[in-house]
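target-v2.txt (compact mmCIF, C-alpha atoms and all ligand atoms) appears below.
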```txt
# COMPACT_ATOMS: atom_id res chain seq x y z
CA MET G 1 85.35 125.03 85.42
CA ASP G 2 87.04 121.88 86.66
CA GLU G 3 86.96 120.72 90.24
CA ILE G 4 88.13 118.13 92.71
CA ILE G 5 85.49 116.70 94.98
CA ARG G 6 86.27 114.74 98.14
CA ALA G 7 83.62 112.58 99.76
CA VAL G 8 83.34 109.87 102.38
CA THR G 9 80.85 107.07 102.95
CA GLU G 10 78.44 107.27 105.89
CA ASP G 11 80.30 104.49 107.74
CA GLY G 12 83.64 106.29 107.17
CA PHE G 13 85.37 103.23 105.69
CA ALA G 14 85.80 104.52 102.14
CA LYS G 15 86.80 107.90 100.84
CA ILE G 16 86.84 109.10 97.27
CA THR G 17 88.52 111.88 95.32
CA VAL G 18 86.78 112.75 92.06
CA ILE G 19 88.06 115.12 89.40
CA THR G 20 86.20 116.69 86.52
CA GLY G 21 88.94 117.84 84.16
CA ARG G 22 87.52 118.76 80.76
CA ASP G 23 89.01 122.28 80.67
CA ILE G 24 92.42 121.12 81.94
CA VAL G 25 92.71 118.44 79.27
CA GLU G 26 91.41 120.70 76.49
CA ARG G 27 93.96 123.38 77.50
CA ALA G 28 96.74 120.77 77.35
CA ARG G 29 95.54 119.69 73.92
CA GLN G 30 95.60 123.26 72.59
CA ILE G 31 99.02 124.11 74.07
CA HIS G 32 100.72 120.97 72.75
CA ASP G 33 98.62 120.32 69.62
CA LEU G 34 98.00 116.80 70.93
CA SER G 35 96.73 113.95 68.77
CA PRO G 36 93.61 112.21 70.13
CA VAL G 37 95.55 109.35 71.74
CA ALA G 38 98.08 111.80 73.22
CA THR G 39 95.17 113.89 74.54
CA ALA G 40 93.84 110.82 76.34
CA ALA G 41 97.26 109.75 77.68
CA LEU G 42 98.32 113.18 78.93
CA GLY G 43 94.79 113.99 80.09
CA ARG G 44 94.55 110.89 82.27
CA THR G 45 98.04 111.55 83.68
CA LEU G 46 97.20 115.20 84.44
CA MET G 47 94.10 114.11 86.35
CA ALA G 48 96.06 111.46 88.30
CA ALA G 49 98.62 114.14 89.23
CA SER G 50 95.85 116.54 90.26
CA ILE G 51 94.29 113.91 92.56
CA LEU G 52 97.71 113.33 94.20
CA GLY G 53 98.43 117.06 94.37
CA ASP G 54 95.15 117.72 96.17
CA MET G 55 96.33 115.30 98.90
CA LEU G 56 99.57 117.23 99.58
CA LYS G 57 99.53 118.99 102.93
CA GLU G 58 102.47 121.37 102.44
CA ASP G 59 101.57 124.59 100.61
CA ASP G 60 104.67 124.83 98.41
CA ALA G 61 104.89 121.12 97.65
CA THR G 62 104.55 119.63 94.18
CA VAL G 63 103.98 116.14 92.88
CA THR G 64 105.21 114.85 89.53
CA VAL G 65 103.80 111.79 87.77
CA ARG G 66 106.06 110.34 85.10
CA LEU G 67 105.30 107.42 82.78
CA ASN G 68 107.96 105.91 80.62
CA GLY G 69 106.66 102.70 79.11
CA GLY G 70 108.78 102.58 75.96
CA GLY G 71 105.77 103.19 73.66
CA PRO G 72 105.74 105.64 70.73
CA ILE G 73 104.45 108.55 72.86
CA GLY G 74 107.72 108.56 74.85
CA SER G 75 107.65 110.06 78.34
CA VAL G 76 104.42 111.46 79.75
CA ILE G 77 104.94 114.00 82.52
CA SER G 78 102.44 115.83 84.73
CA VAL G 79 103.09 118.10 87.68
CA SER G 80 100.57 119.29 90.24
CA ASP G 81 100.79 121.98 92.89
CA SER G 82 99.36 121.32 96.35
CA LYS G 83 95.93 122.60 95.27
CA GLY G 84 95.54 120.19 92.34
CA ASN G 85 96.44 122.71 89.61
CA VAL G 86 98.38 120.87 86.92
CA ARG G 87 100.69 121.20 83.95
CA GLY G 88 102.29 118.58 81.75
CA TYR G 89 103.68 117.45 78.43
CA VAL G 90 104.43 114.36 76.36
CA GLN G 91 107.55 113.67 74.33
CA ASN G 92 105.71 112.91 71.09
CA PRO G 93 102.46 114.91 71.04
CA HIS G 94 101.49 113.86 67.49
CA VAL G 95 101.61 110.09 68.02
CA ASP G 96 98.83 108.42 66.07
CA LEU G 97 97.69 104.80 66.46
CA PRO G 98 94.75 102.79 65.13
CA LEU G 99 91.76 102.57 67.47
CA LYS G 100 91.35 99.40 69.52
CA ALA G 101 88.84 96.75 68.41
CA ASN G 102 86.25 98.29 70.79
CA GLY G 103 86.63 101.71 69.10
CA LYS G 104 88.57 103.25 72.00
CA LEU G 105 91.82 105.20 71.78
CA ASP G 106 94.76 102.86 72.31
CA VAL G 107 96.45 104.63 75.21
CA GLY G 108 98.08 101.39 76.41
CA SER G 109 99.96 100.89 73.13
CA ALA G 110 100.94 104.57 72.95
CA VAL G 111 102.41 104.50 76.46
CA GLY G 112 103.73 100.93 76.45
CA THR G 113 104.32 98.66 79.43
CA GLY G 114 108.09 98.34 79.44
CA GLY G 115 108.74 100.80 82.23
CA GLN G 116 107.64 102.52 85.37
CA PHE G 117 104.88 104.64 86.82
CA THR G 118 106.89 107.06 88.94
CA VAL G 119 105.64 109.57 91.47
CA SER G 120 107.97 112.18 92.87
CA ARG G 121 106.85 114.39 95.75
CA ASP G 122 108.87 117.54 96.28
CA LEU G 123 108.05 118.75 99.77
CA GLY G 124 110.70 121.48 99.78
CA LEU G 125 113.24 119.21 101.48
CA LYS G 126 116.70 118.48 100.13
CA GLU G 127 115.61 115.40 98.20
CA PRO G 128 112.19 114.63 96.71
CA TYR G 129 110.37 111.49 97.87
CA ILE G 130 110.25 109.12 94.89
CA GLY G 131 108.21 105.93 94.51
CA SER G 132 107.58 103.82 91.45
CA THR G 133 105.90 100.64 90.27
CA GLU G 134 106.06 98.63 87.05
CA LEU G 135 103.44 99.69 84.50
CA VAL G 136 100.63 97.14 84.19
CA SER G 137 98.77 98.12 81.03
CA GLY G 138 99.88 101.67 80.14
CA GLU G 139 96.19 102.63 80.30
CA ILE G 140 97.13 104.78 83.30
CA ALA G 141 94.14 104.27 85.67
CA GLU G 142 95.16 100.68 86.40
CA ASP G 143 98.81 101.72 86.70
CA PHE G 144 97.87 104.56 89.06
CA ALA G 145 95.76 102.22 91.24
CA LYS G 146 98.60 99.69 91.47
CA TYR G 147 101.06 102.43 92.43
CA TYR G 148 98.69 103.77 95.05
CA VAL G 149 97.93 100.36 96.61
CA GLU G 150 101.62 99.46 96.79
CA SER G 151 102.88 102.81 98.07
CA GLU G 152 100.09 103.58 100.55
CA GLN G 153 99.39 99.96 101.58
CA VAL G 154 95.63 100.49 101.34
CA GLY G 155 92.92 99.05 99.12
CA ALA G 156 92.15 101.40 96.24
CA ALA G 157 90.53 101.54 92.82
CA CYS G 158 90.80 104.15 90.11
CA GLY G 159 89.05 105.22 86.94
CA LEU G 160 90.28 107.89 84.51
CA GLY G 161 88.69 108.83 81.20
CA VAL G 162 89.01 111.36 78.40
CA LEU G 163 86.43 111.51 75.61
CA VAL G 164 87.77 113.13 72.44
CA ASP G 165 85.19 114.54 70.04
CA THR G 166 85.22 114.10 66.26
CA ASP G 167 86.73 117.61 65.88
CA ARG G 168 89.55 116.45 68.22
CA SER G 169 88.45 118.74 71.06
CA VAL G 170 87.83 117.26 74.52
CA ALA G 171 84.14 116.45 75.05
CA CYS G 172 84.58 115.45 78.69
CA ALA G 173 87.22 114.19 81.08
CA GLY G 174 87.20 112.95 84.63
CA GLY G 175 88.34 110.39 87.09
CA PHE G 176 88.27 109.04 90.60
CA LEU G 177 90.41 107.36 93.22
CA VAL G 178 88.53 105.47 95.91
CA GLN G 179 90.46 104.35 99.00
CA LEU G 180 89.48 101.88 101.68
CA LEU G 181 90.33 102.64 105.27
CA PRO G 182 91.67 99.99 107.66
CA GLY G 183 88.90 97.71 108.91
CA ALA G 184 86.64 98.25 105.90
CA PRO G 185 84.09 95.39 105.96
CA ASP G 186 83.98 92.87 103.11
CA THR G 187 80.37 93.83 102.32
CA LEU G 188 81.45 97.43 101.66
CA ILE G 189 84.35 96.30 99.45
CA ALA G 190 82.02 94.00 97.50
CA LEU G 191 79.47 96.77 97.02
CA ILE G 192 82.08 99.26 95.71
CA GLU G 193 83.51 96.61 93.36
CA SER G 194 80.05 95.86 92.05
CA ASN G 195 79.28 99.59 91.62
CA ILE G 196 82.47 100.13 89.62
CA SER G 197 81.91 97.14 87.38
CA SER G 198 78.28 98.06 86.64
CA MET G 199 78.55 101.86 86.30
CA GLY G 200 80.37 101.88 82.94
CA GLN G 201 83.12 104.28 81.89
CA VAL G 202 83.76 107.55 83.72
CA THR G 203 83.17 109.41 80.45
CA ASP G 204 79.77 107.69 80.00
CA ILE G 205 78.69 108.99 83.40
CA LEU G 206 79.97 112.51 82.68
CA SER G 207 78.48 112.78 79.20
CA SER G 208 75.07 111.69 80.50
CA GLY G 209 75.22 114.32 83.26
CA GLY G 210 75.73 111.73 86.00
CA ASP G 211 77.59 112.00 89.28
CA ILE G 212 80.77 109.96 89.80
CA VAL G 213 80.68 110.16 93.63
CA ASN G 214 77.23 108.60 93.76
CA ALA G 215 77.99 106.09 91.01
CA VAL G 216 81.05 104.64 92.80
CA LEU G 217 79.59 104.92 96.30
CA ASN G 218 76.02 104.01 95.37
CA GLY G 219 74.18 102.63 98.42
CA LEU G 220 76.76 103.99 100.87
CA ASN G 221 75.19 107.39 101.51
CA PRO G 222 78.28 109.50 100.74
CA THR G 223 78.81 113.03 102.07
CA VAL G 224 80.78 115.59 100.05
CA LEU G 225 83.47 117.09 102.30
CA LYS G 226 85.18 119.55 100.01
CA ARG G 227 85.10 120.99 96.49
CA THR G 228 88.18 122.71 95.05
CA LYS G 229 88.41 124.49 91.70
CA VAL G 230 91.38 123.29 89.67
CA GLU G 231 92.92 124.41 86.40
CA TYR G 232 95.84 123.99 84.00
CA ARG G 233 98.45 126.26 85.52
CA CYS G 234 102.11 126.87 84.66
CA TYR G 235 104.42 128.74 87.01
CA CYS G 236 107.13 129.72 84.54
CA SER G 237 108.34 133.33 84.43
CA ARG G 238 111.20 135.29 82.91
CA GLU G 239 112.85 135.37 86.34
CA ARG G 240 112.76 131.56 86.63
CA VAL G 241 114.14 131.20 83.12
CA VAL G 242 117.00 133.59 84.00
CA ARG G 243 117.82 131.34 86.97
CA ALA G 244 117.74 128.27 84.70
CA ILE G 245 120.06 129.96 82.18
CA ASP G 246 122.39 131.00 84.98
CA SER G 247 122.55 127.41 86.25
CA ILE G 248 124.06 126.07 83.00
CA GLY G 249 127.39 127.54 84.07
CA HIS G 250 129.97 130.11 83.08
CA GLU G 251 131.54 128.26 80.15
CA ALA G 252 128.25 127.37 78.49
CA LEU G 253 127.12 130.98 78.82
CA GLU G 254 130.35 132.23 77.26
CA ASP G 255 129.80 129.84 74.34
CA ILE G 256 126.31 131.26 73.82
CA LEU G 257 127.77 134.77 73.89
CA LYS G 258 130.47 133.90 71.36
CA SER G 259 127.82 132.72 68.90
CA GLY G 260 126.43 136.27 68.97
CA GLU G 261 122.91 134.99 68.42
CA ASN G 262 119.66 135.59 70.27
CA THR G 263 118.70 132.83 72.66
CA GLU G 264 115.19 131.40 72.81
CA VAL G 265 114.00 129.34 75.76
CA VAL G 266 110.65 127.55 75.44
CA CYS G 267 108.68 126.37 78.49
CA HIS G 268 107.91 122.64 78.09
CA PHE G 269 104.65 123.01 79.98
CA CYS G 270 102.95 126.00 78.36
CA ASN G 271 105.07 126.75 75.25
CA THR G 272 105.73 130.34 76.32
CA LYS G 273 108.84 131.58 74.50
CA TYR G 274 111.44 133.69 76.32
CA HIS G 275 113.99 135.62 74.26
CA PHE G 276 117.40 136.86 75.34
CA SER G 277 119.70 139.11 73.34
CA PRO G 278 123.50 138.69 73.62
CA SER G 279 123.63 141.74 75.91
CA GLU G 280 121.01 140.19 78.22
CA ILE G 281 123.05 136.96 78.34
CA GLU G 282 126.11 139.09 79.12
CA GLU G 283 124.20 140.65 82.01
CA ILE G 284 123.32 137.19 83.41
CA LEU G 285 126.96 136.15 82.99
CA ALA G 286 128.20 139.28 84.76
CA LYS G 287 125.97 138.68 87.79
CA HIS G 288 127.01 135.05 88.00
CA LEU G 289 130.25 134.76 89.92
CA PRO G 290 131.88 131.39 89.18
ZN ZN R 301 105.29 127.70 81.33
```

Just give me the structure of the file as C-alpha cells.
Amino acid sequence: MDEIIRAVTEDGFAKITVITGRDIVERARQIHDLSPVATAALGRTLMAASILGDMLKEDDATVTVRLNGGGPIGSVISVSDSKGNVRGYVQNPHVDLPLKANGKLDVGSAVGTGGQFTVSRDLGLKEPYIGSTELVSGEIAEDFAKYYVESEQVGAACGLGVLVDTDRSVACAGGFLVQLLPGAPDTLIALIESNISSMGQVTDILSSGGDIVNAVLNGLNPTVLKRTKVEYRCYCSRERVVRAIDSIGHEALEDILKSGENTEVVCHFCNTKYHFSPSEIEEILAKHLP
C-alpha cells in the first residue's frame, strides 16, 4: 500500500513530503498498457500531483498537473484529490525510445522541453487557480521543483523515480519534495544539498529498503508528523457521464439519435466503458431543456 509521509527537521526549518507510489504507478501501467518510458513519465507526474494534492486544505478540491513539452508522448496529465489519491493518462501510452547512455529510461526526450509544467488547483470556486513554468528538462522532478520554487517563493528540491522491471511491471516508485522555511540557515541548506547529492536515486533507496525521509534529512533529526494511505482512484460514474453527455447540447444529442447507433463513452483515467442505447440518449435529451 502506498503512502504519503510528512516530516519536519528538529529545528523546524525544513519540511519534507515523501511518497511511496509503487501500486499507484503499477495500476496506471495496467490501465493504460503503458510502455516503460510512459510508465516512468506518468508515474513521476502522478506522484508529483499526489504530493500537491496532499497539501490542499479544502476537502473537495483537486489539483491537476499537466505537462506538454512537445515530445512524442504528447500531453501527460495527472489529477489528485485533496487526500493525495490520483488518476492520470498520457496521450501516447505506447511511446518507445532508446535508453539513455547511462541505461536509464529517457523520460526527458519522451516529454520534451518545448512547453510548460502547468498546475491547476480547483478549489470549488468559479475559476481554478492556474500557474505554470517553462519545462527545464522534461525529466519531471526538476520541472516540478522549478515550478514549486517559482510559485511558492521558497527554496525546494525534488526527486521522483520509477523503476521498471524487465517484465515491464513497476518494481518500485517514490519521490520527495523538501521545502525550506523562511530563515533556514545556510548550514542546513548545505547539509540537505549534500545529502541529496550523495544519497543516489530515490529508486536505489527504495529497492534497498532504505528510508527517503532519513536519507534527505540525514543529520537533522526529523520527526514524522503524518502518514496517509494513497491510491490510484478514479471518480467517474454513469451519473457523471450522463451529465457530460447532456452538456454537449441539444443539437449534438439529436445528431447522435439520428445515427441510431449505441453510444460508448470511455473514461480517460480508468478506461471504464459506459454504453448508451438510442432510447437512453433520448431520455437524456428529453430531460435537457434547451
Ligand atoms: Zn474513470

Check your understanding: Would you name the residues within 8 Å of ligand ZN 301 (chain R), counting all atoms listed in the file, and put them as an NGL selection string?
Key -> :G and (234-237 or 266-272)

Exercise for review: Using CA of Val90 in chain G and CA of Gly161 in chain G as the two end points, give the distance in Å to one decimal.
Suggested key: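 Spanning CA of Val90 in chain G to CA of Gly161 in chain G is a straight-line distance of 17.4 Å.
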
Point to revise | Shell around Val119 in chain G at 6 Å using all atoms listed in the file, local window under 5 positions removed, as a list in words | key: Thr64, Val65, Ile130 and Gly131 of chain G

Practice item. Would you work out the distance separating CA of Cys158 in chain G from CA of Glu142 in chain G, expressed in Å to one decimal? Key: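 One can read the CA of Cys158 in chain G to CA of Glu142 in chain G distance as 6.7 Å.
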
Review point. Of the residues G:Lys83, G:Thr133, G:Ile5, G:Ala101, which is the one nearest to Arg66 in chain G, using only C-alpha atoms?
Key: G:Thr133

Exercise for review: Show which residues sit within 9 Å of range 165-174 of chain G, as a list in words. Count only C-alpha atoms, and ignore same-chain residues fewer than 4 positions away.
Suggested key: Val18, Ile19, Thr20, Gly21, Arg22, Asp23, Ile24, Val25, Glu26, Arg29, Gln30, Leu34, Ser35, Pro36, Thr39, Ala40, Gly43, Arg44, Met47, Gly159, Leu160, Gly161, Val202, Thr203, Leu206, Ser207 and Ile212 of chain G

Exercise for review: List every protein, DNA or RNA residue that has at least one atom no more than 12 Å from (107.3, 116.1, 91.1) in the file's coordinates, counting all atoms listed in the file, and write the result as an MDAnalysis selection string.
Suggested key: chainID G and resid 49:50 52:53 56 60:66 77:82 86:88 118:124 127:131

Check your understanding: When distances are computed from only C-alpha atoms, which of G:Ala7, G:Ala141, G:Ala48, G:Ile73 shows the smallest separation from Ala110 in chain G?
Key ->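 Using only C-alpha atoms, the shortest distance to Ala110 in chain G belongs to G:Ile73.
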
Review point. So what do you get for CA of Gly249 in chain G versus CA of Ser279 in chain G, distance-wise?
Key: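 Interatomic distance here is 16.8 Å.
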
Practice item. Please provide the set of residues having any atom within 10 Å of Ala156 in chain G, restricted to only C-alpha atoms, with same-chain residues fewer than 4 positions apart removed, written as a list in words. Key: Ala14, Lys15, Ile16, Phe144, Ala145, Lys146, Tyr147, Tyr148, Val149, Glu150, Glu152, Leu177, Val178, Gln179, Leu180, Leu181 and Ile189 of chain G

Review point. Between G:Lys57, G:His250, G:Arg27, G:Lys126, which is the closest to Lys287 in chain G once you count all atoms listed in the file?
Key: G:His250

Check your understanding: Asp246 in chain G: which residues within 9 Å, counting all atoms listed in the file, same-chain residues fewer than 6 positions away excluded, as a PyMOL selection string?
Key -> chain G and resi 253+281+284-285+287-288

Exercise for review: Identify which of the residues G:Lys258, G:Pro182, G:Phe117, G:Asn195 lies closest to Asn218 in chain G, counting only C-alpha atoms when measuring atom-to-atom distances.
Suggested key: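 Using only C-alpha atoms, Asn218 in chain G sits closest to G:Asn195.
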
Practice item. Pick out the closest residue to Val162 in chain G from this set: G:Ile31, G:Val37, G:Met199, G:Ile192. Count all atoms listed in the file. Key: G:Val37

Point to revise | Protein and nucleic acid residues near (103.2, 105.2, 79.4) (cut-off 6 Å, only C-alpha atoms) as a PyMOL selection string | key: chain G and resi 67-69+111-112+138

Take the residues that were just selected and, keeping C-alpha atoms, output them as an mmCIF file, in the frame of the given file.
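File produced: again-v2.cif:
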```cif
data_model
loop_
_atom_site.group_PDB
_atom_site.id
_atom_site.type_symbol
_atom_site.label_atom_id
_atom_site.label_comp_id
_atom_site.auth_asym_id
_atom_site.auth_seq_id
_atom_site.Cartn_x
_atom_site.Cartn_y
_atom_site.Cartn_z
ATOM 1 C CA LEU G 67 105.300 107.420 82.780
ATOM 2 C CA ASN G 68 107.960 105.910 80.620
ATOM 3 C CA GLY G 69 106.660 102.700 79.110
ATOM 4 C CA VAL G 111 102.410 104.500 76.460
ATOM 5 C CA GLY G 112 103.730 100.930 76.450
ATOM 6 C CA GLY G 138 99.880 101.670 80.140
#
```

**Study point:** G:Leu191, G:Leu125, G:Val213, G:Val241 ranked by distance to Ile4 in chain G, top pick (using only C-alpha atoms)
**Key:** G:Val213

Practice item. Show which residues sit within 9 Å of Asn92 in chain G, as a ChimeraX atom specification. Count only C-alpha atoms, and ignore same-chain residues fewer than 3 positions away. Key: /G:34,38,72-76,89,95

Once you have the residues from the selection above, write them out as a compact mmCIF listing (two decimals), in the frame of the given file, restricted to C-alpha atoms.
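Written output follows (result.txt):
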```txt
# COMPACT_ATOMS: atom_id res chain seq x y z
CA LEU G 34 98.00 116.80 70.93
CA ALA G 38 98.08 111.80 73.22
CA PRO G 72 105.74 105.64 70.73
CA ILE G 73 104.45 108.55 72.86
CA GLY G 74 107.72 108.56 74.85
CA SER G 75 107.65 110.06 78.34
CA VAL G 76 104.42 111.46 79.75
CA TYR G 89 103.68 117.45 78.43
CA VAL G 95 101.61 110.09 68.02
```

Where atoms are missing, can you supply N, CA and C atoms for range 83-119 of chain G and output the lot as a PDB file, in the frame of the given file?
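rebuild-v7.pdb written:
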```
ATOM      1  N   LYS G  83      97.369 122.325  95.355  1.00  0.00           N
ATOM      2  CA  LYS G  83      95.930 122.600  95.270  1.00  0.00           C
ATOM      3  C   LYS G  83      95.282 121.815  94.135  1.00  0.00           C
ATOM      4  N   GLY G  84      96.091 120.982  93.441  1.00  0.00           N
ATOM      5  CA  GLY G  84      95.540 120.190  92.340  1.00  0.00           C
ATOM      6  C   GLY G  84      95.606 120.871  90.987  1.00  0.00           C
ATOM      7  N   ASN G  85      96.255 122.046  90.912  1.00  0.00           N
ATOM      8  CA  ASN G  85      96.440 122.710  89.610  1.00  0.00           C
ATOM      9  C   ASN G  85      97.605 122.048  88.891  1.00  0.00           C
ATOM     10  N   VAL G  86      97.406 121.710  87.620  1.00  0.00           N
ATOM     11  CA  VAL G  86      98.380 120.870  86.920  1.00  0.00           C
ATOM     12  C   VAL G  86      98.917 121.459  85.633  1.00  0.00           C
ATOM     13  N   ARG G  87     100.061 120.890  85.235  1.00  0.00           N
ATOM     14  CA  ARG G  87     100.690 121.200  83.950  1.00  0.00           C
ATOM     15  C   ARG G  87     101.393 119.930  83.504  1.00  0.00           C
ATOM     16  N   GLY G  88     101.624 119.806  82.191  1.00  0.00           N
ATOM     17  CA  GLY G  88     102.290 118.580  81.750  1.00  0.00           C
ATOM     18  C   GLY G  88     102.645 118.624  80.283  1.00  0.00           C
ATOM     19  N   TYR G  89     103.362 117.584  79.845  1.00  0.00           N
ATOM     20  CA  TYR G  89     103.680 117.450  78.430  1.00  0.00           C
ATOM     21  C   TYR G  89     104.015 115.996  78.097  1.00  0.00           C
ATOM     22  N   VAL G  90     104.001 115.683  76.816  1.00  0.00           N
ATOM     23  CA  VAL G  90     104.430 114.360  76.360  1.00  0.00           C
ATOM     24  C   VAL G  90     105.563 114.572  75.361  1.00  0.00           C
ATOM     25  N   GLN G  91     106.412 113.538  75.234  1.00  0.00           N
ATOM     26  CA  GLN G  91     107.550 113.670  74.330  1.00  0.00           C
ATOM     27  C   GLN G  91     107.118 113.740  72.867  1.00  0.00           C
ATOM     28  N   ASN G  92     106.161 112.911  72.481  1.00  0.00           N
ATOM     29  CA  ASN G  92     105.710 112.910  71.090  1.00  0.00           C
ATOM     30  C   ASN G  92     104.211 113.226  71.015  1.00  0.00           C
ATOM     31  N   PRO G  93     103.875 114.515  70.952  1.00  0.00           N
ATOM     32  CA  PRO G  93     102.460 114.910  71.040  1.00  0.00           C
ATOM     33  C   PRO G  93     101.611 114.505  69.830  1.00  0.00           C
ATOM     34  N   HIS G  94     102.259 114.160  68.708  1.00  0.00           N
ATOM     35  CA  HIS G  94     101.490 113.860  67.490  1.00  0.00           C
ATOM     36  C   HIS G  94     101.324 112.370  67.229  1.00  0.00           C
ATOM     37  N   VAL G  95     101.694 111.544  68.211  1.00  0.00           N
ATOM     38  CA  VAL G  95     101.610 110.090  68.020  1.00  0.00           C
ATOM     39  C   VAL G  95     100.183 109.687  67.607  1.00  0.00           C
ATOM     40  N   ASP G  96     100.115 108.815  66.608  1.00  0.00           N
ATOM     41  CA  ASP G  96      98.830 108.420  66.070  1.00  0.00           C
ATOM     42  C   ASP G  96      98.804 106.896  65.951  1.00  0.00           C
ATOM     43  N   LEU G  97      97.787 106.258  66.509  1.00  0.00           N
ATOM     44  CA  LEU G  97      97.690 104.800  66.460  1.00  0.00           C
ATOM     45  C   LEU G  97      96.269 104.414  66.069  1.00  0.00           C
ATOM     46  N   PRO G  98      96.118 103.236  65.447  1.00  0.00           N
ATOM     47  CA  PRO G  98      94.750 102.790  65.130  1.00  0.00           C
ATOM     48  C   PRO G  98      93.934 102.593  66.417  1.00  0.00           C
ATOM     49  N   LEU G  99      92.628 102.790  66.307  1.00  0.00           N
ATOM     50  CA  LEU G  99      91.760 102.570  67.470  1.00  0.00           C
ATOM     51  C   LEU G  99      91.790 101.093  67.843  1.00  0.00           C
ATOM     52  N   LYS G 100      91.453 100.788  69.095  1.00  0.00           N
ATOM     53  CA  LYS G 100      91.350  99.400  69.520  1.00  0.00           C
ATOM     54  C   LYS G 100      90.097  98.781  68.901  1.00  0.00           C
ATOM     55  N   ALA G 101      89.982  97.455  69.000  1.00  0.00           N
ATOM     56  CA  ALA G 101      88.840  96.750  68.410  1.00  0.00           C
ATOM     57  C   ALA G 101      87.508  97.290  68.953  1.00  0.00           C
ATOM     58  N   ASN G 102      87.500  97.766  70.198  1.00  0.00           N
ATOM     59  CA  ASN G 102      86.250  98.290  70.790  1.00  0.00           C
ATOM     60  C   ASN G 102      86.006  99.764  70.439  1.00  0.00           C
ATOM     61  N   GLY G 103      86.841 100.323  69.537  1.00  0.00           N
ATOM     62  CA  GLY G 103      86.630 101.710  69.100  1.00  0.00           C
ATOM     63  C   GLY G 103      87.260 102.750  70.004  1.00  0.00           C
ATOM     64  N   LYS G 104      87.952 102.300  71.050  1.00  0.00           N
ATOM     65  CA  LYS G 104      88.570 103.250  72.000  1.00  0.00           C
ATOM     66  C   LYS G 104      89.984 103.615  71.566  1.00  0.00           C
ATOM     67  N   LEU G 105      90.436 104.784  72.037  1.00  0.00           N
ATOM     68  CA  LEU G 105      91.820 105.200  71.780  1.00  0.00           C
ATOM     69  C   LEU G 105      92.778 104.250  72.472  1.00  0.00           C
ATOM     70  N   ASP G 106      93.852 103.887  71.777  1.00  0.00           N
ATOM     71  CA  ASP G 106      94.760 102.860  72.310  1.00  0.00           C
ATOM     72  C   ASP G 106      95.879 103.493  73.146  1.00  0.00           C
ATOM     73  N   VAL G 107      95.491 103.973  74.309  1.00  0.00           N
ATOM     74  CA  VAL G 107      96.450 104.630  75.210  1.00  0.00           C
ATOM     75  C   VAL G 107      97.531 103.645  75.653  1.00  0.00           C
ATOM     76  N   GLY G 108      97.120 102.404  75.937  1.00  0.00           N
ATOM     77  CA  GLY G 108      98.080 101.390  76.410  1.00  0.00           C
ATOM     78  C   GLY G 108      99.214 101.167  75.433  1.00  0.00           C
ATOM     79  N   SER G 109      98.901 101.094  74.132  1.00  0.00           N
ATOM     80  CA  SER G 109      99.960 100.890  73.130  1.00  0.00           C
ATOM     81  C   SER G 109     100.805 102.138  72.955  1.00  0.00           C
ATOM     82  N   ALA G 110     100.185 103.320  73.089  1.00  0.00           N
ATOM     83  CA  ALA G 110     100.940 104.570  72.950  1.00  0.00           C
ATOM     84  C   ALA G 110     101.960 104.710  74.078  1.00  0.00           C
ATOM     85  N   VAL G 111     101.533 104.363  75.293  1.00  0.00           N
ATOM     86  CA  VAL G 111     102.410 104.500  76.460  1.00  0.00           C
ATOM     87  C   VAL G 111     103.390 103.338  76.556  1.00  0.00           C
ATOM     88  N   GLY G 112     102.899 102.131  76.316  1.00  0.00           N
ATOM     89  CA  GLY G 112     103.730 100.930  76.450  1.00  0.00           C
ATOM     90  C   GLY G 112     103.747 100.437  77.881  1.00  0.00           C
ATOM     91  N   THR G 113     104.310  99.251  78.083  1.00  0.00           N
ATOM     92  CA  THR G 113     104.320  98.660  79.430  1.00  0.00           C
ATOM     93  C   THR G 113     105.725  98.286  79.877  1.00  0.00           C
ATOM     94  N   GLY G 114     106.717  98.729  79.107  1.00  0.00           N
ATOM     95  CA  GLY G 114     108.090  98.340  79.440  1.00  0.00           C
ATOM     96  C   GLY G 114     108.792  99.301  80.376  1.00  0.00           C
ATOM     97  N   GLY G 115     108.089  99.831  81.349  1.00  0.00           N
ATOM     98  CA  GLY G 115     108.740 100.800  82.230  1.00  0.00           C
ATOM     99  C   GLY G 115     107.976 101.031  83.501  1.00  0.00           C
ATOM    100  N   GLN G 116     108.126 102.223  84.026  1.00  0.00           N
ATOM    101  CA  GLN G 116     107.640 102.520  85.370  1.00  0.00           C
ATOM    102  C   GLN G 116     106.602 103.636  85.402  1.00  0.00           C
ATOM    103  N   PHE G 117     105.780 103.550  86.431  1.00  0.00           N
ATOM    104  CA  PHE G 117     104.880 104.640  86.820  1.00  0.00           C
ATOM    105  C   PHE G 117     105.567 105.259  88.034  1.00  0.00           C
ATOM    106  N   THR G 118     106.072 106.456  87.885  1.00  0.00           N
ATOM    107  CA  THR G 118     106.890 107.060  88.940  1.00  0.00           C
ATOM    108  C   THR G 118     106.230 108.310  89.499  1.00  0.00           C
ATOM    109  N   VAL G 119     106.198 108.398  90.802  1.00  0.00           N
ATOM    110  CA  VAL G 119     105.640 109.570  91.470  1.00  0.00           C
ATOM    111  C   VAL G 119     106.725 110.198  92.331  1.00  0.00           C
TER     112      VAL G 119
END
```
